[in-house]
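Coordinates as given in coords06.cif (mmCIF, C-alpha atoms and all ligand atoms):
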```
data_work
#
loop_
_atom_site.label_atom_id
_atom_site.label_comp_id
_atom_site.auth_asym_id
_atom_site.auth_seq_id
_atom_site.Cartn_x
_atom_site.Cartn_y
_atom_site.Cartn_z
CA MET A 63 5.35 -73.40 169.28
CA THR A 64 3.36 -70.55 170.79
CA THR A 65 2.38 -68.12 168.05
CA THR A 66 3.68 -67.22 164.60
CA THR A 67 2.06 -63.81 164.33
CA ALA A 68 5.29 -61.83 164.09
CA SER A 69 6.73 -64.20 161.46
CA GLN A 70 3.57 -63.89 159.40
CA GLN A 71 3.49 -60.10 159.66
CA ALA A 72 7.16 -59.82 158.76
CA PHE A 73 6.67 -62.13 155.79
CA GLU A 74 3.69 -60.14 154.51
CA LYS A 75 5.88 -57.01 154.55
CA LEU A 76 8.68 -58.86 152.79
CA LYS A 77 6.29 -59.95 150.07
CA GLU A 78 5.47 -56.34 149.27
CA VAL A 79 9.05 -55.54 148.33
CA VAL A 80 10.80 -58.84 147.59
CA PRO A 81 9.36 -61.25 144.97
CA GLY A 82 7.58 -64.02 146.87
CA GLY A 83 9.03 -62.56 150.06
CA VAL A 84 12.29 -64.47 149.61
CA ASN A 85 15.74 -64.03 148.14
CA SER A 86 15.90 -67.71 147.14
CA PRO A 87 12.74 -69.65 146.20
CA VAL A 88 12.91 -72.70 148.49
CA ARG A 89 12.65 -70.41 151.54
CA SER A 90 9.02 -69.73 150.65
CA PHE A 91 7.93 -73.21 151.87
CA LYS A 92 6.01 -73.68 148.62
CA GLY A 93 3.86 -76.82 148.65
CA LEU A 94 4.31 -77.34 152.39
CA ASP A 95 1.10 -75.61 153.45
CA GLN A 96 3.03 -73.88 156.20
CA ALA A 97 3.63 -70.16 156.63
CA PRO A 98 7.35 -69.45 156.09
CA MET A 99 9.59 -68.74 159.03
CA VAL A 100 11.24 -65.38 159.51
CA VAL A 101 14.30 -66.04 161.62
CA ASP A 102 15.77 -63.74 164.21
CA ARG A 103 18.92 -65.52 165.44
CA GLY A 104 20.82 -68.73 165.79
CA GLU A 105 23.14 -70.27 168.32
CA GLY A 106 24.66 -73.73 168.24
CA ASP A 107 22.07 -76.14 166.82
CA THR A 108 19.11 -73.83 167.48
CA ILE A 109 17.39 -71.07 165.56
CA VAL A 110 14.82 -68.70 166.98
CA ASP A 111 12.11 -67.06 164.88
CA VAL A 112 10.89 -63.49 165.29
CA ASP A 113 8.08 -64.75 167.56
CA GLY A 114 10.62 -66.28 169.92
CA ASN A 115 9.93 -69.93 168.94
CA ALA A 116 13.06 -72.11 169.11
CA PHE A 117 13.78 -74.90 166.61
CA THR A 118 16.51 -77.52 166.43
CA ASP A 119 17.94 -76.81 162.99
CA TYR A 120 18.77 -79.61 160.54
CA CYS A 121 19.13 -77.31 157.53
CA MET A 122 22.14 -75.46 158.92
CA SER A 123 22.14 -72.84 156.17
CA TRP A 124 21.97 -75.66 153.62
CA GLY A 125 25.03 -77.37 155.01
CA ALA A 126 27.28 -74.34 155.38
CA LEU A 127 27.31 -74.36 159.18
CA ILE A 128 29.31 -77.47 160.00
CA HIS A 129 30.24 -75.87 163.35
CA GLY A 130 26.73 -74.64 164.12
CA HIS A 131 25.29 -71.13 164.35
CA ALA A 132 27.40 -68.22 165.60
CA HIS A 133 30.39 -70.33 166.53
CA PRO A 134 32.46 -68.08 168.86
CA THR A 135 35.80 -68.85 167.16
CA ILE A 136 34.45 -67.85 163.76
CA ILE A 137 32.55 -64.83 165.04
CA ASP A 138 35.51 -63.52 167.06
CA ALA A 139 37.96 -63.88 164.18
CA ALA A 140 35.57 -62.26 161.71
CA ALA A 141 34.79 -59.39 164.12
CA LYS A 142 38.49 -58.75 164.69
CA ARG A 143 39.13 -58.76 160.96
CA MET A 144 36.11 -56.52 160.33
CA ARG A 145 37.59 -53.73 162.43
CA LYS A 146 40.47 -53.52 159.95
CA GLY A 147 38.10 -52.83 157.08
CA THR A 148 35.54 -54.99 155.35
CA SER A 149 36.51 -54.89 151.69
CA PHE A 150 39.36 -53.55 149.60
CA GLY A 151 39.27 -55.15 146.17
CA ILE A 152 43.03 -55.57 146.71
CA SER A 153 44.87 -58.77 147.65
CA THR A 154 45.10 -59.59 151.35
CA GLU A 155 47.25 -62.12 153.23
CA ILE A 156 44.25 -64.04 154.49
CA GLU A 157 43.43 -65.11 150.91
CA GLU A 158 46.77 -66.91 150.75
CA LYS A 159 46.15 -68.52 154.14
CA LEU A 160 42.76 -69.94 153.15
CA ALA A 161 43.97 -70.93 149.66
CA SER A 162 46.98 -72.74 151.14
CA LYS A 163 44.71 -74.52 153.59
CA VAL A 164 42.42 -75.72 150.77
CA VAL A 165 45.42 -76.86 148.70
CA GLU A 166 46.89 -78.62 151.72
CA LEU A 167 43.66 -80.43 152.56
CA ILE A 168 42.45 -81.52 149.10
CA ASP A 169 45.03 -83.47 147.09
CA SER A 170 43.58 -82.73 143.65
CA ILE A 171 43.59 -78.95 144.19
CA GLU A 172 46.90 -77.36 143.23
CA LYS A 173 45.54 -73.86 142.77
CA VAL A 174 42.25 -72.34 143.83
CA ARG A 175 40.27 -69.18 143.15
CA PHE A 176 37.65 -67.79 145.51
CA VAL A 177 34.25 -66.45 144.48
CA SER A 178 31.15 -65.49 146.44
CA SER A 179 28.61 -68.20 145.57
CA GLY A 180 28.44 -71.80 144.41
CA THR A 181 26.79 -70.60 141.21
CA GLU A 182 29.84 -68.52 140.38
CA ALA A 183 32.15 -71.43 141.18
CA THR A 184 30.44 -73.94 138.86
CA MET A 185 29.83 -71.38 136.12
CA SER A 186 33.49 -70.33 136.17
CA ALA A 187 34.78 -73.92 136.31
CA VAL A 188 32.77 -74.80 133.21
CA ARG A 189 33.97 -71.71 131.35
CA LEU A 190 37.53 -72.65 132.27
CA ALA A 191 37.02 -76.24 131.10
CA ARG A 192 35.60 -75.04 127.80
CA GLY A 193 38.48 -72.59 127.36
CA PHE A 194 41.09 -75.20 128.23
CA THR A 195 39.73 -77.99 126.03
CA GLN A 196 38.51 -75.65 123.29
CA ARG A 197 35.32 -77.69 123.17
CA GLN A 198 31.77 -76.64 123.93
CA LEU A 199 29.67 -79.60 124.98
CA VAL A 200 28.97 -79.95 128.71
CA VAL A 201 27.57 -83.11 130.28
CA LYS A 202 25.58 -82.84 133.51
CA PHE A 203 23.16 -85.19 135.24
CA ASN A 204 19.44 -85.10 135.95
CA GLY A 205 18.75 -84.21 139.56
CA ASN A 206 22.17 -82.63 140.15
CA TYR A 207 22.04 -78.91 140.90
CA HIS A 208 24.91 -76.59 140.09
CA GLY A 209 23.39 -73.21 140.81
CA HIS A 210 21.43 -70.98 138.48
CA ALA A 211 23.76 -70.05 135.62
CA ASP A 212 21.73 -70.01 132.38
CA PHE A 213 23.31 -73.06 130.78
CA PHE A 214 22.79 -75.30 133.83
CA LEU A 215 19.04 -74.82 133.80
CA VAL A 216 18.37 -77.68 131.43
CA LYS A 217 15.29 -79.86 131.69
CA ALA A 218 15.86 -83.31 133.14
CA GLY A 219 15.87 -86.09 130.60
CA SER A 220 16.85 -83.86 127.72
CA GLY A 221 20.06 -84.47 125.92
CA VAL A 222 20.96 -87.53 123.93
CA ASN A 223 19.82 -87.15 120.34
CA GLN A 224 17.52 -84.28 121.11
CA LEU A 225 17.86 -80.58 121.71
CA SER A 226 18.14 -79.56 125.35
CA GLU A 227 15.35 -77.40 126.66
CA SER A 228 15.80 -74.87 129.44
CA SER A 229 13.93 -75.34 132.72
CA SER A 230 13.46 -71.60 133.30
CA ALA A 231 11.95 -68.78 131.30
CA GLY A 232 14.41 -66.16 130.14
CA ILE A 233 17.04 -68.48 128.69
CA PRO A 234 17.56 -68.44 124.91
CA PRO A 235 17.57 -71.95 123.35
CA ASP A 236 21.05 -71.26 121.96
CA VAL A 237 22.45 -71.06 125.49
CA VAL A 238 21.45 -74.61 126.43
CA LYS A 239 22.13 -76.30 123.13
CA HIS A 240 25.68 -77.19 124.15
CA VAL A 241 24.61 -78.89 127.39
CA VAL A 242 23.15 -82.36 127.83
CA SER A 243 21.63 -83.77 130.99
CA LEU A 244 22.03 -87.54 131.32
CA THR A 245 20.91 -90.15 133.84
CA TYR A 246 22.89 -90.23 137.09
CA ASN A 247 24.52 -93.59 137.82
CA ASP A 248 23.85 -94.89 134.29
CA VAL A 249 27.29 -96.40 133.64
CA GLU A 250 26.72 -97.83 130.17
CA GLY A 251 24.58 -95.03 128.75
CA VAL A 252 26.97 -92.30 129.85
CA ARG A 253 30.08 -94.21 128.73
CA ASP A 254 28.53 -94.62 125.31
CA PHE A 255 27.72 -90.90 125.14
CA LEU A 256 31.26 -89.88 126.12
CA GLN A 257 32.75 -92.18 123.49
CA LYS A 258 30.57 -90.79 120.74
CA ASN A 259 30.79 -87.05 121.48
CA GLN A 260 33.49 -84.41 121.85
CA VAL A 261 32.84 -83.27 125.39
CA ALA A 262 34.51 -80.30 127.12
CA CYS A 263 33.66 -81.43 130.63
CA VAL A 264 31.50 -83.64 132.75
CA ILE A 265 30.21 -81.95 135.89
CA LEU A 266 28.47 -83.81 138.68
CA GLU A 267 27.73 -83.90 142.36
CA PRO A 268 29.68 -87.04 143.31
CA ILE A 269 27.36 -87.29 146.28
CA ALA A 270 24.16 -85.66 145.11
CA GLY A 271 22.43 -83.56 147.73
CA ASN A 272 19.85 -81.90 145.54
CA MET A 273 17.45 -84.78 145.00
CA GLY A 274 17.95 -85.73 148.61
CA VAL A 275 21.18 -87.57 149.42
CA VAL A 276 21.91 -89.88 146.49
CA PRO A 277 25.53 -90.99 146.19
CA ALA A 278 27.06 -91.91 142.86
CA THR A 279 28.15 -95.53 142.66
CA GLU A 280 31.88 -96.35 142.70
CA GLU A 281 31.51 -97.88 139.27
CA PHE A 282 29.93 -94.71 137.87
CA ILE A 283 32.66 -92.46 139.28
CA ARG A 284 35.48 -94.74 138.05
CA MET A 285 33.95 -94.92 134.59
CA LEU A 286 33.67 -91.11 134.45
CA ARG A 287 37.28 -90.67 135.52
CA GLU A 288 38.59 -93.21 133.01
CA GLU A 289 36.45 -92.16 130.10
CA THR A 290 36.94 -88.38 130.47
CA ALA A 291 40.72 -88.90 130.69
CA LYS A 292 40.67 -91.09 127.57
CA GLN A 293 38.53 -88.66 125.58
CA GLY A 294 40.34 -85.45 126.61
CA ALA A 295 37.40 -84.04 128.58
CA LEU A 296 37.76 -82.56 132.07
CA LEU A 297 36.03 -84.08 135.08
CA ILE A 298 34.54 -81.50 137.46
CA PHE A 299 33.32 -82.51 140.88
CA ASP A 300 30.75 -80.09 142.23
CA GLU A 301 31.48 -80.48 145.92
CA VAL A 302 29.67 -77.34 147.01
CA ILE A 303 27.76 -79.55 149.46
CA SER A 304 30.03 -82.57 149.90
CA GLY A 305 33.30 -80.64 150.12
CA PHE A 306 34.65 -80.73 153.71
CA ARG A 307 31.33 -82.38 154.61
CA ALA A 308 31.56 -85.99 153.43
CA GLY A 309 35.01 -86.03 155.03
CA ILE A 310 38.03 -83.76 155.06
CA GLN A 311 38.66 -84.51 151.37
CA GLY A 312 34.97 -84.49 150.52
CA ALA A 313 33.49 -87.05 148.16
CA GLN A 314 36.74 -87.37 146.22
CA GLY A 315 38.42 -88.61 149.39
CA LYS A 316 35.68 -91.20 149.87
CA PHE A 317 35.92 -92.43 146.29
CA GLY A 318 39.71 -92.10 146.06
CA VAL A 319 39.33 -90.32 142.72
CA ARG A 320 41.10 -87.16 141.55
CA PRO A 321 38.91 -84.83 139.48
CA ASP A 322 40.53 -82.20 137.24
CA LEU A 323 38.55 -79.40 138.87
CA THR A 324 36.54 -79.13 142.08
CA CYS A 325 33.90 -76.62 143.08
CA LEU A 326 33.53 -75.80 146.76
CA GLY A 327 31.06 -73.68 148.72
CA LYS A 328 29.13 -73.73 151.98
CA VAL A 329 31.60 -75.16 154.59
CA VAL A 330 34.58 -73.37 152.99
CA GLY A 331 33.02 -70.01 153.90
CA GLY A 332 32.27 -70.75 157.55
CA GLY A 333 28.77 -69.30 157.08
CA PHE A 334 29.90 -66.31 154.99
CA PRO A 335 29.37 -65.91 151.23
CA VAL A 336 32.39 -67.82 149.93
CA ALA A 337 32.78 -70.48 147.27
CA ALA A 338 35.78 -71.62 145.27
CA PHE A 339 36.94 -73.61 142.30
CA GLY A 340 40.32 -75.20 141.98
CA GLY A 341 42.28 -78.12 140.65
CA ARG A 342 45.11 -78.86 138.25
CA ALA A 343 47.58 -75.97 138.08
CA ASP A 344 47.92 -76.22 134.29
CA VAL A 345 44.15 -75.80 133.96
CA MET A 346 43.81 -73.08 136.61
CA ASP A 347 46.57 -71.07 134.93
CA TYR A 348 44.27 -70.68 131.94
CA LEU A 349 42.45 -68.08 134.04
CA ALA A 350 43.06 -64.35 133.57
CA PRO A 351 45.47 -62.69 134.22
CA ASN A 352 47.70 -65.72 133.41
CA GLY A 353 45.53 -67.12 130.66
CA PRO A 354 42.74 -66.33 128.21
CA VAL A 355 39.69 -67.32 130.32
CA TYR A 356 38.14 -64.29 131.99
CA GLN A 357 36.74 -64.50 135.50
CA ALA A 358 36.51 -61.82 138.21
CA GLY A 359 34.60 -60.49 141.25
CA THR A 360 34.47 -57.26 143.30
CA LEU A 361 33.97 -59.12 146.57
CA SER A 362 35.87 -62.30 145.63
CA GLY A 363 38.29 -63.25 148.39
CA ASN A 364 36.60 -60.82 150.78
CA PRO A 365 38.88 -60.75 153.86
CA LEU A 366 36.08 -61.05 156.40
CA ALA A 367 34.68 -64.11 154.69
CA MET A 368 38.17 -65.56 154.16
CA GLU A 369 38.86 -65.29 157.88
CA ALA A 370 35.62 -67.11 158.70
CA GLY A 371 36.43 -69.83 156.18
CA TYR A 372 39.95 -70.18 157.50
CA GLN A 373 38.72 -70.68 161.07
CA ALA A 374 36.10 -73.19 159.90
CA LEU A 375 38.75 -75.27 158.10
CA CYS A 376 41.17 -75.14 161.04
CA MET A 377 38.43 -76.62 163.21
CA ILE A 378 37.60 -79.50 160.88
CA GLU A 379 41.26 -80.48 161.01
CA GLN A 380 41.01 -81.30 164.69
CA PRO A 381 41.60 -85.04 165.27
CA GLY A 382 38.37 -87.04 165.37
CA PHE A 383 36.20 -84.17 164.08
CA TYR A 384 34.45 -86.24 161.38
CA ASP A 385 34.16 -89.36 163.57
CA GLU A 386 32.35 -87.32 166.18
CA LEU A 387 30.09 -85.69 163.59
CA GLU A 388 29.15 -89.08 162.16
CA ARG A 389 28.60 -90.51 165.62
CA LYS A 390 26.13 -87.72 166.29
CA ALA A 391 24.38 -88.23 162.97
CA ASP A 392 24.11 -91.95 163.67
CA LEU A 393 22.42 -91.29 167.01
CA LEU A 394 19.54 -89.89 164.99
CA THR A 395 19.60 -91.93 161.79
CA LYS A 396 20.45 -95.48 162.83
CA PRO A 397 17.48 -96.05 165.15
CA ILE A 398 15.13 -94.52 162.55
CA ALA A 399 16.58 -96.65 159.75
CA HIS A 400 16.29 -99.70 162.00
CA TYR A 401 12.66 -98.93 162.80
CA ILE A 402 11.82 -98.46 159.12
CA GLU A 403 13.46 -101.79 158.28
CA GLU A 404 11.90 -103.68 161.16
CA GLN A 405 8.38 -102.40 160.47
CA GLY A 406 8.68 -102.65 156.68
CA ILE A 407 7.75 -98.97 156.27
CA ASP A 408 7.71 -97.52 152.77
CA ALA A 409 10.51 -95.04 153.49
CA SER A 410 14.29 -94.99 153.73
CA ILE A 411 17.26 -93.03 155.00
CA GLN A 412 20.23 -92.42 152.70
CA GLN A 413 23.26 -91.10 154.55
CA ILE A 414 26.86 -90.16 153.94
CA GLY A 415 28.49 -89.10 157.19
CA SER A 416 26.70 -86.07 158.58
CA MET A 417 24.35 -85.54 155.61
CA PHE A 418 21.27 -87.64 154.98
CA THR A 419 17.69 -87.63 153.75
CA LEU A 420 14.62 -89.42 155.04
CA PHE A 421 12.72 -90.41 151.90
CA PHE A 422 9.00 -91.16 151.94
CA GLY A 423 7.53 -93.60 149.45
CA ARG A 424 10.66 -95.52 148.38
CA ARG A 425 13.11 -98.00 149.87
CA SER A 426 15.99 -96.44 147.93
CA VAL A 427 16.72 -93.65 145.43
CA SER A 428 19.53 -93.83 142.90
CA ASN A 429 18.57 -91.25 140.28
CA TYR A 430 16.20 -88.41 139.42
CA ASP A 431 13.45 -90.57 137.87
CA GLU A 432 13.25 -92.55 141.08
CA ALA A 433 13.28 -89.36 143.16
CA MET A 434 10.30 -88.10 141.16
CA THR A 435 8.20 -91.01 142.51
CA LEU A 436 8.69 -90.01 146.17
CA ASN A 437 5.69 -89.21 148.34
CA VAL A 438 5.96 -85.43 148.48
CA PRO A 439 2.60 -84.75 150.23
CA ARG A 440 3.69 -87.18 152.96
CA PHE A 441 6.92 -85.21 153.39
CA ALA A 442 4.92 -81.97 153.65
CA HIS A 443 2.79 -83.50 156.42
CA PHE A 444 5.91 -84.75 158.21
CA PHE A 445 7.59 -81.35 157.90
CA ARG A 446 4.60 -79.56 159.45
CA HIS A 447 4.37 -82.12 162.23
CA LEU A 448 8.00 -81.67 163.24
CA TYR A 449 7.89 -77.91 162.76
CA ALA A 450 5.04 -77.66 165.26
CA LYS A 451 7.22 -79.54 167.72
CA GLY A 452 10.25 -77.27 167.34
CA VAL A 453 12.27 -79.15 164.71
CA TYR A 454 13.27 -77.35 161.52
CA LEU A 455 14.02 -79.60 158.56
CA PRO A 456 15.21 -78.46 155.14
CA PRO A 457 11.84 -77.50 153.67
CA SER A 458 11.74 -79.99 150.78
CA GLN A 459 11.79 -83.76 150.29
CA PHE A 460 14.63 -83.25 147.80
CA GLU A 461 17.18 -81.81 150.20
CA ALA A 462 19.75 -83.06 152.67
CA TRP A 463 19.60 -82.74 156.44
CA PHE A 464 22.86 -81.65 158.05
CA ILE A 465 24.36 -82.36 161.47
CA SER A 466 26.83 -79.86 162.90
CA GLY A 467 29.42 -80.13 165.63
CA ALA A 468 27.05 -78.02 167.73
CA HIS A 469 24.13 -80.49 167.74
CA THR A 470 23.55 -81.72 171.26
CA GLU A 471 22.81 -85.33 172.07
CA GLU A 472 19.71 -84.19 173.90
CA HIS A 473 18.30 -82.55 170.78
CA LEU A 474 19.31 -85.41 168.49
CA LEU A 475 17.63 -87.99 170.70
CA LYS A 476 14.53 -85.86 171.06
CA THR A 477 14.30 -85.57 167.27
CA ARG A 478 14.87 -89.32 166.92
CA ASP A 479 11.92 -89.99 169.23
CA LEU A 480 9.69 -87.51 167.41
CA VAL A 481 10.47 -89.06 164.03
CA ILE A 482 9.88 -92.61 165.22
CA ALA A 483 6.62 -91.57 166.89
CA TYR A 484 5.56 -89.96 163.60
CA LEU A 485 6.34 -93.08 161.62
CA GLN A 486 4.42 -95.16 164.12
CA GLU A 487 1.41 -92.89 164.25
CA TYR A 488 1.02 -91.94 160.62
CA LEU A 489 2.72 -94.55 158.51
CA LEU A 490 1.84 -97.69 160.37
CA THR A 491 -1.70 -96.75 161.15
CA ASN A 492 -2.69 -95.00 157.90
C1 LIG B 501 25.94 -78.88 144.60
C2 LIG B 501 25.65 -77.43 144.48
N1 LIG B 501 26.30 -76.70 143.56
C3 LIG B 501 26.09 -75.39 143.43
C4 LIG B 501 25.18 -74.73 144.23
C5 LIG B 501 24.96 -73.27 144.06
O1 LIG B 501 25.47 -72.58 145.15
P1 LIG B 501 24.91 -71.12 145.54
O2 LIG B 501 23.52 -71.33 146.04
O3 LIG B 501 25.88 -70.65 146.58
O4 LIG B 501 24.96 -70.30 144.30
C6 LIG B 501 24.49 -75.44 145.20
C7 LIG B 501 23.52 -74.77 146.08
O5 LIG B 501 22.93 -75.33 146.95
C8 LIG B 501 24.73 -76.83 145.34
O6 LIG B 501 24.07 -77.56 146.25
#
```
Can you give me the file's structure in the form of structure tokens?
Amino acid sequence: MTTTTASQQAFEKLKEVVPGGVNSPVRSFKGLDQAPMVVDRGEGDTIVDVDGNAFTDYCMSWGALIHGHAHPTIIDAAAKRMRKGTSFGISTEIEEKLASKVVELIDSIEKVRFVSSGTEATMSAVRLARGFTQRQLVVKFNGNYHGHADFFLVKAGSGVNQLSESSSAGIPPDVVKHVVSLTYNDVEGVRDFLQKNQVACVILEPIAGNMGVVPATEEFIRMLREETAKQGALLIFDEVISGFRAGIQGAQGKFGVRPDLTCLGKVVGGGFPVAAFGGRADVMDYLAPNGPVYQAGTLSGNPLAMEAGYQALCMIEQPGFYDELERKADLLTKPIAHYIEEQGIDASIQQIGSMFTLFFGRRSVSNYDEAMTLNVPRFAHFFRHLYAKGVYLPPSQFEAWFISGAHTEEHLLKTRDLVIAYLQEYLLTN
């Protein structure tokens, strides 16, 4: 890295007019003791900041860019579509094409509706579940993130036998009183709760990406499927991260489990603001105009974004796409995991396909309480070290790294060597 003067100047200006200088808090690099990046452009696996410094990117717009930055197929299709007009607020044919593709690829989705953010997808899916079941209580899990709708912002550990408390100012207690947040992967505790309470829906990240990569256990997922079906509650998989990422059928394909509703985001938009929720046709037909549950959006199904999403999904269908992605991820992760094991380092890598997290301070993480014991200052040091060497990681210990089809072997191996050298220098000697 040469200089960061332009980034710093640009960020100072941003701070004058945008709260904290960012349009989403994690971009501020809080707690990392590192001035935030202001990015200029991206191509393939590389981003370039406004000072001209290049970084190999492992954040990939938080997992959205499974084909890398500025993929020519996506850009060309979107540009062509753009010339025909960018927004109508009227149905377009491309919405049917992308919807049909989603329905074709994910067995549990019979009908799908597009929105513009993951937050809208999860918020709408829960409203639909409540409308369909005519129940109010929502079960979520500590350490799972479903966007920033009021009722999702519930403090971890609240719930059973106590009133839920919101984790943000500005949320009336009444809004969170019908939501409980339970312990992820706690088979017996959650089963007991579902048997004793009238629940509208259970929503979870079947492969959590928001406390770092922490997959649900098979046993936990099977219990949730069985128990929700028995009790008349709906099971919602929030696959905003894992959808089309963990495999072509997302986490549900890996587990072989059919949720009632699924939320998608990130990959489905090909780098444009698209998310979706879909599932059983009888449930989806409860949505307006067919049914009594209201949901809408001026830019929902935006044709430009639909075109980008359609191209992104056509490319993941190519034979061997996921094998190749995982092979690339393994080039980086396997040698690091091996080194950690061999040297007995207090760290670990948890990986599902092309998403993974390098955890500092624990040999494994299975829930939020465990994640809270991770060595966050160590991560901050590691982040700065790699940043200075031209590697951009997701700027938090509690996030997933993502590999795209555009990552080059050269960059992956270089990152592998940098990480192992770091572990050697700082964790074995300090
Ligand atoms: C699993 C999950 N659900 C929902 C969301 C919210 O999506 P958005 O940021 O597009 O509102 C996110 C965001 O990262 C997510 O990871």
Under the rule that only C-alpha atoms are counted, which of A:Phe460, A:Phe282, A:Phe213, A:Phe176 is the nearest residue to Thr324 (chain A)?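 Closest to Thr324 (chain A), using only C-alpha atoms: A:Phe176.
When CA of Asp322 (chain A) is paired with CA of Arg197 (chain A), their separation reads 15.7 Å.
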Using all atoms listed in the file, find the one residue out of A:Gly205, A:Gly93, A:Gly219, A:Pro321 that sits nearest to Asp169 (chain A).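 The closest residue to Asp169 (chain A) is A:Pro321.
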Give me the chain A side of the contact with ligand LIG 501 (chain B), cut-off 8 Å, one line per residue showing its nearest atom pair and distance in Å at one decimal, counting only C-alpha atoms and all ligand atoms, sorted by chain and residue number, as a tab-separated table.
```
residue	atom	partner	partner_atom	distance
A:Trp124	CA	B:LIG501	O5	6.7
A:Ser178	CA	B:LIG501	O3	7.4
A:Ser179	CA	B:LIG501	O3	3.8
A:Gly180	CA	B:LIG501	O1	3.2
A:Thr181	CA	B:LIG501	O4	3.6
A:Glu182	CA	B:LIG501	O4	6.5
A:Ala183	CA	B:LIG501	C3	7.6
A:Thr184	CA	B:LIG501	C3	6.5
A:Asn206	CA	B:LIG501	C1	6.9
A:Tyr207	CA	B:LIG501	C2	5.3
A:His208	CA	B:LIG501	N1	3.7
A:Gly209	CA	B:LIG501	C5	3.6
A:His210	CA	B:LIG501	O4	6.8
A:Glu267	CA	B:LIG501	C1	5.8
A:Ala270	CA	B:LIG501	C1	7.0
A:Gly271	CA	B:LIG501	O6	6.4
A:Asn272	CA	B:LIG501	O6	6.1
A:Asp300	CA	B:LIG501	C1	5.5
A:Glu301	CA	B:LIG501	C1	5.9
A:Val302	CA	B:LIG501	C1	4.7
A:Ile303	CA	B:LIG501	C1	5.2
A:Ser304	CA	B:LIG501	C1	7.6
A:Cys325	CA	B:LIG501	N1	7.6
A:Leu326	CA	B:LIG501	N1	8.0
A:Gly327	CA	B:LIG501	O3	6.4
A:Lys328	CA	B:LIG501	O3	7.0
A:Pro335	CA	B:LIG501	O3	7.5
A:Val336	CA	B:LIG501	O3	7.8
A:Ala337	CA	B:LIG501	O3	6.9
```
Please write the residues from the selection above to a file, keeping C-alpha atoms, as a JSON list (two decimals), keeping the file's coordinate frame.
```json
[["chain", "number", "residue", "atom", "x", "y", "z"],
["A", 124, "TRP", "CA", 21.97, -75.66, 153.62],
["A", 178, "SER", "CA", 31.15, -65.49, 146.44],
["A", 179, "SER", "CA", 28.61, -68.20, 145.57],
["A", 180, "GLY", "CA", 28.44, -71.80, 144.41],
["A", 181, "THR", "CA", 26.79, -70.60, 141.21],
["A", 182, "GLU", "CA", 29.84, -68.52, 140.38],
["A", 183, "ALA", "CA", 32.15, -71.43, 141.18],
["A", 184, "THR", "CA", 30.44, -73.94, 138.86],
["A", 206, "ASN", "CA", 22.17, -82.63, 140.15],
["A", 207, "TYR", "CA", 22.04, -78.91, 140.90],
["A", 208, "HIS", "CA", 24.91, -76.59, 140.09],
["A", 209, "GLY", "CA", 23.39, -73.21, 140.81],
["A", 210, "HIS", "CA", 21.43, -70.98, 138.48],
["A", 267, "GLU", "CA", 27.73, -83.90, 142.36],
["A", 270, "ALA", "CA", 24.16, -85.66, 145.11],
["A", 271, "GLY", "CA", 22.43, -83.56, 147.73],
["A", 272, "ASN", "CA", 19.85, -81.90, 145.54],
["A", 300, "ASP", "CA", 30.75, -80.09, 142.23],
["A", 301, "GLU", "CA", 31.48, -80.48, 145.92],
["A", 302, "VAL", "CA", 29.67, -77.34, 147.01],
["A", 303, "ILE", "CA", 27.76, -79.55, 149.46],
["A", 304, "SER", "CA", 30.03, -82.57, 149.90],
["A", 325, "CYS", "CA", 33.90, -76.62, 143.08],
["A", 326, "LEU", "CA", 33.53, -75.80, 146.76],
["A", 327, "GLY", "CA", 31.06, -73.68, 148.72],
["A", 328, "LYS", "CA", 29.13, -73.73, 151.98],
["A", 335, "PRO", "CA", 29.37, -65.91, 151.23],
["A", 336, "VAL", "CA", 32.39, -67.82, 149.93],
["A", 337, "ALA", "CA", 32.78, -70.48, 147.27]]
```
Which neighbours of Ser428 (chain A) fall inside 9 Å, counting all atoms listed in the file, when residues of the same chain fewer than 2 positions from it are skipped, and could you give them as a list in words? Tyr246, Asn247, Val276, Pro277, Ala278, Thr279, Ser426, Tyr430, Asp431, Glu432 and Ala433 of chain A
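Shortest atom-to-atom contact with Asp113 (chain A) among A:Glu280, A:Val101, A:Leu225, A:Ser153: A:Val101, counting all atoms listed in the file.
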Could you work out how far CA of Val200 (chain A) lies from CA of Asp236 (chain A), giving the answer in Å with one decimal? 13.6 Å
Would you list the contacts of Asp212 (chain A) as a list in words, taking every protein, DNA or RNA residue within 9 Å and counting only C-alpha atoms, but skipping same-chain residues closer than 3 positions in sequence?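 In the requested form, the answer reads Leu215, Val216, Ser228, Ser230, Gly232, Ile233, Pro234, Val237 and Val238 of chain A.
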If you count only C-alpha atoms, the residue of A:Thr195, A:Ser466, A:Thr395, A:Gln405 closest to Ile378 (chain A) turns out to be A:Ser466
In the coordinate frame of the file, compute which residues have an atom within 7 Å of (28.8, -92.2, 157.8) when using all atoms listed in the file, and state them as a list in words. Glu388, Gln413, Ile414, Gly415 and Ser416 of chain A
Name the closest residue to Thr64 (chain A) among the candidates A:Ala231, A:Asn429, A:Gly114, A:Ala462; distances are taken between atoms, counting all atoms listed in the file.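 Looking at the shortest contact to Thr64 (chain A), the residue is A:Gly114.
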Per residue of region 65-138 of chain A within 9 Å of region 363-371 of chain A, what are the shortest atom pair and its distance in Å to one decimal, counting all atoms listed in the file, with rows by chain and residue number, as CSV?
```
residue,atom,partner,partner_atom,distance
A:Thr135,CA,A:Ala370,CA,8.6
A:Ile136,CA,A:Ala370,CA,5.2
A:Ile137,CA,A:Ala370,CA,7.4
```
Among listed residues A:Lys476, A:His129, A:Lys142, A:Lys173, nearest Lys451 (chain A) (using only C-alpha atoms):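 Going through A:Lys476, A:His129, A:Lys142, A:Lys173 one by one, the smallest distance to Lys451 (chain A) is for A:Lys476.
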